[in-house]
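> One structure is given below, represented as C-alpha cells, and several questions about it will come after.
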Amino acid sequence: MSTLEAKVKSVLSGDTVVLHNINNPKQERTLSLAFVTAPRMRREGDEPFAFDSRDFLRRLLVGKVVHFRVLYKIPTGANREYGVISLPNKTQLPELAVAEGWAKLRDDAGRKDDSDESAQMVEKLQVLEARAKADSKGLWQESGGRIETTSELSDPKQFIETHKGKDINAIVEKVLSGDRLIVRLLISSTEHVQTMILLAGIRAPSTKRTNASDGKEQPAEPFGEEAQQFVELRMLQRNVVINVLGVSPNGQIVANVKHPVNGNIAPFLLKSGLARCTDHHTTLLGQEMGTLRQAEKAAKDSRQGVFQGHVSQKTSAGSESEAVVSRIQSADTLFLRNKAGQERRINLSSVRQPKPSDPKQSPWGPEAKEFLRKKLIGKHVKFNIDGKRAATEGYDEREMATVSFQGKNVGLLLVENGLASVIRHRQEDTDRSSIYDDLLLAEQTAQEAQKGLWSAKAPTAKQYVDYSESLEKAKRQLTLLSRQRKVPAVVDFVKSGSRFTVLVPRENAKLTFVLSGIRAPRSARNPTDKAEPWGQEAHDFANKRCQQRDVEIDVEDCDKVGGFIGTLYVNRENFAKVLLEEGLASVHGYSAEKSGNANELFAAEKKAKDARKGIWTDWDPSQEEEEDTTAAATEANGTNGDAAAPRRKDYRDVVITHIDDSGKLKLQQIGTGTAALTELMNAFRSFHLNPSNATSLPNPPKAGDFVAAKFTADDEWYRARIRRNDREAKKAEVVYIDYGNSELLPWSRLRPLSQAQFSPTSKLKPQALDAQLSFLQLPSNAEYLADAVHFISQITADRQLVANVDQVEKDGSLWVTLFDPKESKTGEQSLNAEVMAEGLAMVPRKLRGWERGAAEVEALKKKMEGAKLERRGMWEYGDLTEDD
C-alpha cells in the first residue's frame, strides 16, 4: 500500500487518531493503529489508564505532519481503517505505543492481515509487549490509572469562587465555535472536570447547528466556520492554561484560554476579524478589555473578516475642544458655551442619569444634578464629540460627548459615585464613550460598594418652600433673612438682568430676589413681547454670570408681590455693581441710598458712562451738567431738587383703612367720595345677592384686572384688583381698591367687574389712597418696624382724623401729617410726633426739599432725643446713629 502524508488533528484514544489533509483541513479521516487496542475514554467513566494512554499519543502526534499507510479495513460499522504511522524521526506507531506499554496487542491481531509483512510486525509487537509487561510499563502497572472525570458542574459559581485567580492546566477537547470550547480541566492527577468554556471578552460567529426543538438545521453565520477552524488549528487537544473569571447568565464558565507559547487566543481571533468584542465580559476582564478593543480596531481598520464592509466612523478624535459649563440640565445633559459665546447642548457619552420613572432611582436625580453643578458650573472643561444620537419620538437629535474636568472624565466621576448608570449599547452603536470599559468597571465597583443608586436607602428629598408665593409668606421669611448677612444661596433661574429665583438650602427656601439700588432694562417675557433697549443683553449677561452659581445674598426688604429686595454677591462681588460697570443698568437713587451702597453704585455707573458702555453708548455729559446746574440752583433755594413745590397746607378729613408691613398707609378722604362709596357699596351688595348675577370669571384672571372679590372676613363683595395670579393653584392675590388691604382668594370667590355702574375707571375711582407719614424714617430692623406698624395701627384705628397733605408725589401718593381734631392743636401733638416719642421712628438724615425748614422738624427732633434718653422703642440699647 502507498504511503500518504497528513497532519494529526486530534487523538481519540491510545490507538485512534484523526488526520486531515495538509492543504485542505476540511478533508479528514480517522485511522486506528493496526493490531493493537487501548483503553477507552467514555462519558460514563474512563477505563483504567485510558487518559494516560491517549495522552501519550496526543503529546506525540497532535499538530505534526506524519506519514501513514493503511494495512487493512474492517467494513462493518464505521468502516474503520487500520494502519501504521511514521514520524519524521523514523519513530513508528504502533511499535512505540506497545513498547511504552500504552497499547496492547489485540487478541485477533494475527488474523487481520495474513501477509508476511503483517506477520513480522505482529511478532515484533509481541516481543515489545512482553518486554513492557516485564518492566510494568503503562497499562501493565500493578496499580493506579484511575481518574475521576466529571462531565457536568453542579455549581459553576462555587467552582469559580474556588478557582478564581488560579492557573488551571487543561486540554481543549473540542472546538464548538470560535468562542466556545469543551475543555478537560486537570484539577489534579486523579481528578478531571470536562466542561464548556466561553472565551472571555469576545463573541465569534456561530457555526452550523441543529435546533433541538424542531430538528431543523440552522446555517452558520458568516465567518463562523472560519473562526472555528482558526481555533481548532491552534488549540484543539493542545495543553492550555485556563483562568476562570465568572459565570454567564446561562451558567456557563467564562474564562481566558492561554496557549503555552502564544498566550490568550482572543486577541488573535479579533485581529483576524473572526470575532467581535462583547461588553458583557468587561467587568470580568477589567483592564484587559482594552487590549481586546485595540485588536478589534485593527481588524476594523484593515476590514478583515466580519468587518469587511465596515465603514470607519468619522470621529473628532484629536480635535478636543474647550468650553465653559453654562448650565446643568440634568445629570447627563450639559450646556457648554464656547469662546464666541455660542451655547450647545451635549449629552455625556454612555451614561444615563437616575431614571425619573424609576421610584428607586428618581430620588437620586437632584443629588446627581447638584453633584455636577457644584463641580462644573462656570468651569472650563474639555470635550470631544463621540457621535450623534438620531432624533426619536419625544427626543431631539443629541450630541454624545466625552467631557473631562481637570483631567478627570465627568461621566466616570458620576458612575464611580453611584450617581449615574452605564448605557448598555447595541453592538452597532458608534456613539459610545472611548472609556466604555472603565465605565462598566466603575459601575460594578459602585454596585458592590452600594453607592448612590445602588444603595438600599434613598436620599432625603429636599423640599423647598416658595416664600415669594404670597406677600404674607414673604414678610414672615423677611424677618428671619434680614437679620442674617451673606446668606449662602444658589441662583436657580434668571428672570431678567436684575431679577432671579434663588434657593437658600439651609432654610429650605425658594425666593424671587430683586437687586436693590439699580434698575435694569426689561427683557422680553415671551416671543411676542418687546424688550427695552439693552434689556436682552442685561438678561444674557446675568444668565452667563449667575445661572446655577453659588452666591450670597443680603436681604433688605420685600416688594408688593413677595419679591425679596437686596444685594446679591457672585464671587464675593456685588452683582448690581457689575451690571452697572457693564452699562446694563442704571442707579435707582432712592433705593441705592436705602441699601447703603449708593457710593459704590454711583461710582460703577460713572465708570460705565465714561466708557460709553451699554445704555450709555449715546450718553452726552453736557446734558447731565445742565441737570446738575438746575439741581444746584434748586438746592440754593432750599428744595434739594427733589420736590416740585414747597410744603403745602392742605387739610383733609380722612380715615386710615389699612397699614401694610412696611408702615405705608391706605386712607380714604371723608366727603363726597365716601358718600358715593357708601351708595355704590349698597348697590354692589344688592347686585351680588341676586342669584342671576352669580357668574364666574369667563377666563383665568390676569395681573391688573379689576374684579369683584368676596372678602373672607365678612363674606361681602368688594371691588378689587388682581395683583398676582397662581394658575396651578387657581388662586389670585387681590387688593381691595377702596380699602387697601389684600388677600389670597380662590378663583371661585371672584366675579367679573364689567358693570358700568361699578367701574373704577368711569363711575367711582378707587377710594384707597397711598400715603406715608411725613418727617419720619421708620426702623429698618424688622422687629422694631413691626412694633411701629402695630403702634400706628392702634393710634389710627376707628378714628376720624385730619391729614395735612404736605406733598403729593408724581404717582399720586401723599406725604401726610395726621392729627386728631379732638386732641391735636399744634404740630407737636400730631400722630407723627406720637410715633417719634415712642422711639419707633427717627428724623430722616437726608430731608426732602419740602421738609427742610419746617417747624415740625425741630419739634420732632426733641421728641426723638427724649425717646433716646428714656431708651424707648428702637433706642432701648442706645443711640443707633452714634457710629455714623
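Following the order of the C-alpha cells, chains are lettered A, B, ..., residues in each are numbered from 1, and ligands are numbered from 1.
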Compile the contact shell of Gln484 (chain A) as a list in words: residues with an atom at most 12 Å away, counting only C-alpha atoms, same-chain residues fewer than 2 positions apart removed.
Gln477, Leu478, Thr479, Leu480, Leu481, Ser482, Lys486, Val487, Pro488, Glu507, Glu552, Ile553, Asp554, Val555, Glu556, Gly566, Asn781 and Ala782 of chain A
> Need the shell around region 328-345 of chain A: protein/DNA/RNA residues with any atom at most 9 Å away, counting only C-alpha atoms. Skip same-chain ones fewer than 3 positions apart. Format as a PyMOL selection string?
chain A and resi 321-325+348-349+351-354+365-373+376-377+381+398-399+411+414+419-420+548
> So, counting only C-alpha atoms, which residue among A:Thr16, A:Ser421, A:Ser748, A:Thr402 is closest to Phe56 (chain A)?
A:Thr16
> Contacts of region 456-464 of chain A at 7 Å or less, counting only C-alpha atoms, minus same-chain residues fewer than 4 places along, as a PDB file with N, CA, C and O atoms, in the first residue's frame?

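Wrote it out as out-v8.pdb, contents follow:
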ATOM      1  N   PRO A 363     -35.169  59.529  43.297  1.00  0.00           N
ATOM      2  CA  PRO A 363     -34.708  60.439  44.358  1.00  0.00           C
ATOM      3  C   PRO A 363     -33.256  60.865  44.198  1.00  0.00           C
ATOM      4  O   PRO A 363     -32.836  61.871  44.765  1.00  0.00           O
ATOM      5  N   TRP A 364     -32.470  60.113  43.422  1.00  0.00           N
ATOM      6  CA  TRP A 364     -31.058  60.444  43.252  1.00  0.00           C
ATOM      7  C   TRP A 364     -30.835  61.469  42.136  1.00  0.00           C
ATOM      8  O   TRP A 364     -29.714  61.949  41.961  1.00  0.00           O
ATOM      9  N   ASN A 508     -34.216  75.849  53.381  1.00  0.00           N
ATOM     10  CA  ASN A 508     -35.175  75.155  52.505  1.00  0.00           C
ATOM     11  C   ASN A 508     -36.120  76.159  51.839  1.00  0.00           C
ATOM     12  O   ASN A 508     -37.319  75.915  51.685  1.00  0.00           O
ATOM     13  N   ALA A 509     -35.562  77.315  51.469  1.00  0.00           N
ATOM     14  CA  ALA A 509     -36.384  78.418  50.963  1.00  0.00           C
ATOM     15  C   ALA A 509     -36.116  78.674  49.492  1.00  0.00           C
ATOM     16  O   ALA A 509     -34.982  78.573  49.015  1.00  0.00           O
ATOM     17  N   LYS A 510     -37.184  79.018  48.788  1.00  0.00           N
ATOM     18  CA  LYS A 510     -37.112  79.445  47.391  1.00  0.00           C
ATOM     19  C   LYS A 510     -37.644  80.874  47.344  1.00  0.00           C
ATOM     20  O   LYS A 510     -38.733  81.138  47.859  1.00  0.00           O
TER      21      LYS A 510
END
> Compare A:Glu581, A:Asp653, A:Asp557, A:Asp116 by their minimum atom-to-atom distance to Ala608 (chain A), counting only C-alpha atoms, and give me the closest one.
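For Ala608 (chain A), the nearest of the given residues is A:Glu581.
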